[in-house]
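K.L.:
Below is the structure I would like to discuss, written out as structure tokens.
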Amino acid sequence: MEEVPHDCPGTGSAQAGRGAACQGCPNQRLCASGAGATPDPAIEEIKEKMKTVKHKILVLSGKGGVGKSTFSAHLAHALAEDENTQVALLDIDICGPSIPKIMGLEGEQVHQSGSGWSPVFLEDNLGVMSVGFLLSSPDDAVIWRGPKKNGMIKQFLRDVDWGEVDYLIVDTPPGTSDEHLSAVQYLAAAHIDGAVIITTPQEVSLQDVRKEISFCHKVKLPIIGVVENMSGFICPKCKKESQIFPPTTGGAEVMCQNLKIPLLGKVPLDPRIGKSCDEGRSFLIDAPDSPATLAYRSIIQRIQEFCNLHQPKEENLISS
């Protein structure tokens, strides 16, 4: 059954399709027209499209600037190191698309074919899609209201010719807004493996992550686990660890214990991560012996194990 936004007025209400909670909902127009609970036909179309996508992972964060897109990019890089694994990275951060820069694909354009939009391929087995590819300049501002963002996400999920994919990674903007509701609602019928939630150790970040976790529970989105980014700094010379962002309330570890959700791991600060992202390169390749790389690889292995363990029993997947 399709999920509805929190505080949805209901299809029988006079506010159906007109209330503040309805903004950006895929069914807003239908509810406002009095068509009742008839779902957006795109939901079934996307379900059909996603039959060739084996695993779907959303990467979320409560706060901006915690390294969510960096994690999404390196999750894609790591998975694609196996040439037999097909990976797709979808950037639905409509107003702040940083994936083209991080993946070294700035200036690339999307091409239309008879089967839909073609992703931009970094490798034969790693395709990327972002609104950044549709802008004439990376400095152009995207000034859109919720319904237009919703329409763009619908197009990305329905009209992109992903082909047969093992992992679809969806990089989302910070928060719990239109883009998140749209992604969850459109993919609900197609089965989402779960969400990876990114935070940093300080309480100001954890406050918003708790809201993100609450959002996941409300829309029945499984939580794969939490990643604590910028978790200390290990000096490359003396190997001593310093806390740049002190975990004043215990960091992600205590939060996960209290909320009974998995902590996938902690990634220490490494200045080379930012350098690799600015240059559009994989930090995992640039710094294979860094403690941050080792942490990334351990976390990514746990994500793969989760996806393999929680596959739906009845599914239309890529033929083996």
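Going through the structure tokens in order, the chains are called A, B, and so on, while each chain numbers its residues from 1 and the ligands are numbered from 1 in the order shown.
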For the structure I just gave you, how does DSSP split range 47-285 of chain A - specifically, which residues are helix (DSSP H, G or I)? Reply as a count of residues only.

P.N.:
90

K.L.:
Do a neighbour search on Ser72 in chain A at 7 Å with only C-alpha atoms, toss out local chain neighbours closer than 3 positions, and write the hits as a list in words.

P.N.:
Val59, Lys68, Ser69, Leu75, Ala76, Ile169 and Asp171 of chain A

K.L.:
For Pro271 in chain A, which residue out of A:Phe233, A:Phe306, A:Trp162, A:Phe133 is the nearest one, using only C-alpha atoms?

P.N.:
A:Phe233

K.L.:
Interatomic distance between CA of Gln155 in chain A and CA of Ile102 in chain A?

P.N.:
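Going from CA of Gln155 in chain A over to CA of Ile102 in chain A covers 22.8 Å.
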
K.L.:
Give me the residues near Gly65 in chain A as a ChimeraX atom specification, where near means some atom within 12 Å (using only C-alpha atoms) and where sequence neighbours in that chain fewer than 6 positions away do not count.

P.N.:
/A:71,96,98,173-175,198-200,205,229-230,274

K.L.:
Give me the residues within 12 Å of Leu269 in chain A as JSON, numbers by chain, counting only C-alpha atoms and dropping any in the same chain fewer than 5 places off.

P.N.:
{"A": [66, 67, 200, 201, 228, 229, 230, 231, 232, 233, 234, 235, 236, 241, 242, 243, 244, 245, 274, 290, 291, 292, 293, 295, 296]}

K.L.:
Select from range 168-320 of chain A everything DSSP, run on the backbone, classes as strand (DSSP E or B), then give the selection as a ChimeraX atom specification.

P.N.:
/A:168-171,194-199,223-228,233-234,241-242,263-266,269

K.L.:
I need the chosen residues saved as an mmCIF file, in the first residue's frame, with N, CA and C atoms.

P.N.:
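Now in result-v8.cif:
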```
data_model
loop_
_atom_site.group_PDB
_atom_site.id
_atom_site.type_symbol
_atom_site.label_atom_id
_atom_site.label_comp_id
_atom_site.auth_asym_id
_atom_site.auth_seq_id
_atom_site.Cartn_x
_atom_site.Cartn_y
_atom_site.Cartn_z
ATOM 1 N N LEU A 168 21.015 0.579 -6.922
ATOM 2 C CA LEU A 168 20.651 1.972 -7.193
ATOM 3 C C LEU A 168 20.824 2.739 -5.893
ATOM 4 N N ILE A 169 21.748 3.693 -5.892
ATOM 5 C CA ILE A 169 22.016 4.529 -4.710
ATOM 6 C C ILE A 169 21.383 5.888 -4.963
ATOM 7 N N VAL A 170 20.501 6.318 -4.073
ATOM 8 C CA VAL A 170 19.802 7.593 -4.227
ATOM 9 C C VAL A 170 20.354 8.573 -3.200
ATOM 10 N N ASP A 171 21.059 9.583 -3.701
ATOM 11 C CA ASP A 171 21.622 10.623 -2.837
ATOM 12 C C ASP A 171 20.583 11.730 -2.675
ATOM 13 N N GLY A 194 16.512 -0.014 2.051
ATOM 14 C CA GLY A 194 16.562 0.763 3.274
ATOM 15 C C GLY A 194 17.365 2.035 3.103
ATOM 16 N N ALA A 195 17.553 2.722 4.224
ATOM 17 C CA ALA A 195 18.245 4.007 4.233
ATOM 18 C C ALA A 195 19.531 3.909 5.045
ATOM 19 N N VAL A 196 20.572 4.563 4.533
ATOM 20 C CA VAL A 196 21.799 4.786 5.289
ATOM 21 C C VAL A 196 21.781 6.250 5.713
ATOM 22 N N ILE A 197 21.909 6.498 7.008
ATOM 23 C CA ILE A 197 21.799 7.859 7.542
ATOM 24 C C ILE A 197 23.178 8.343 7.977
ATOM 25 N N ILE A 198 23.547 9.521 7.490
ATOM 26 C CA ILE A 198 24.879 10.069 7.739
ATOM 27 C C ILE A 198 24.795 11.188 8.776
ATOM 28 N N THR A 199 25.742 11.177 9.714
ATOM 29 C CA THR A 199 25.804 12.220 10.732
ATOM 30 C C THR A 199 27.262 12.549 11.038
ATOM 31 N N ILE A 223 15.762 1.119 8.112
ATOM 32 C CA ILE A 223 17.034 1.803 8.344
ATOM 33 C C ILE A 223 18.146 0.757 8.332
ATOM 34 N N ILE A 224 19.029 0.861 7.350
ATOM 35 C CA ILE A 224 20.174 -0.051 7.282
ATOM 36 C C ILE A 224 21.124 0.251 8.431
ATOM 37 N N GLY A 225 21.321 1.534 8.702
ATOM 38 C CA GLY A 225 22.175 1.920 9.810
ATOM 39 C C GLY A 225 22.674 3.342 9.668
ATOM 40 N N VAL A 226 23.453 3.757 10.648
ATOM 41 C CA VAL A 226 23.971 5.123 10.728
ATOM 42 C C VAL A 226 25.488 5.092 10.522
ATOM 43 N N VAL A 227 25.989 6.085 9.792
ATOM 44 C CA VAL A 227 27.426 6.268 9.610
ATOM 45 C C VAL A 227 27.822 7.581 10.274
ATOM 46 N N GLU A 228 28.829 7.534 11.138
ATOM 47 C CA GLU A 228 29.341 8.748 11.753
ATOM 48 C C GLU A 228 30.562 9.222 10.967
ATOM 49 N N PHE A 233 40.226 12.755 14.156
ATOM 50 C CA PHE A 233 41.286 12.933 13.166
ATOM 51 C C PHE A 233 42.505 12.170 13.631
ATOM 52 N N ILE A 234 42.989 11.259 12.795
ATOM 53 C CA ILE A 234 44.166 10.465 13.130
ATOM 54 C C ILE A 234 45.367 11.073 12.413
ATOM 55 N N GLU A 241 45.007 10.224 17.822
ATOM 56 C CA GLU A 241 43.667 10.659 17.402
ATOM 57 C C GLU A 241 43.234 11.891 18.192
ATOM 58 N N SER A 242 42.690 12.876 17.477
ATOM 59 C CA SER A 242 42.144 14.084 18.100
ATOM 60 C C SER A 242 40.681 14.215 17.711
ATOM 61 N N LEU A 263 24.775 0.988 14.241
ATOM 62 C CA LEU A 263 25.836 1.923 13.873
ATOM 63 C C LEU A 263 26.748 1.166 12.914
ATOM 64 N N LEU A 264 26.758 1.584 11.658
ATOM 65 C CA LEU A 264 27.526 0.868 10.642
ATOM 66 C C LEU A 264 29.023 1.088 10.798
ATOM 67 N N GLY A 265 29.400 2.248 11.335
ATOM 68 C CA GLY A 265 30.812 2.520 11.524
ATOM 69 C C GLY A 265 31.097 4.000 11.637
ATOM 70 N N LYS A 266 32.370 4.301 11.900
ATOM 71 C CA LYS A 266 32.808 5.686 12.053
ATOM 72 C C LYS A 266 33.945 5.949 11.061
ATOM 73 N N LEU A 269 38.243 11.828 9.979
ATOM 74 C CA LEU A 269 38.599 12.896 9.047
ATOM 75 C C LEU A 269 39.909 12.572 8.343
#
```

K.L.:
So how far away is CA of Val53 in chain A from CA of Gln311 in chain A, in Å?

P.N.:
12.0 Å

K.L.:
Considering only C-alpha atoms, return as a ChimeraX atom specification whatever protein or nucleic-acid residues lie within 7 Å of Ser118 in chain A, sequence-local ones (same chain, fewer than 3 positions apart) excluded.

P.N.:
/A:110-113,160-161

K.L.:
Distance CA of Ile273 in chain A-CA of Ala183 in chain A, one decimal place?

P.N.:
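It comes out at 28.1 Å.
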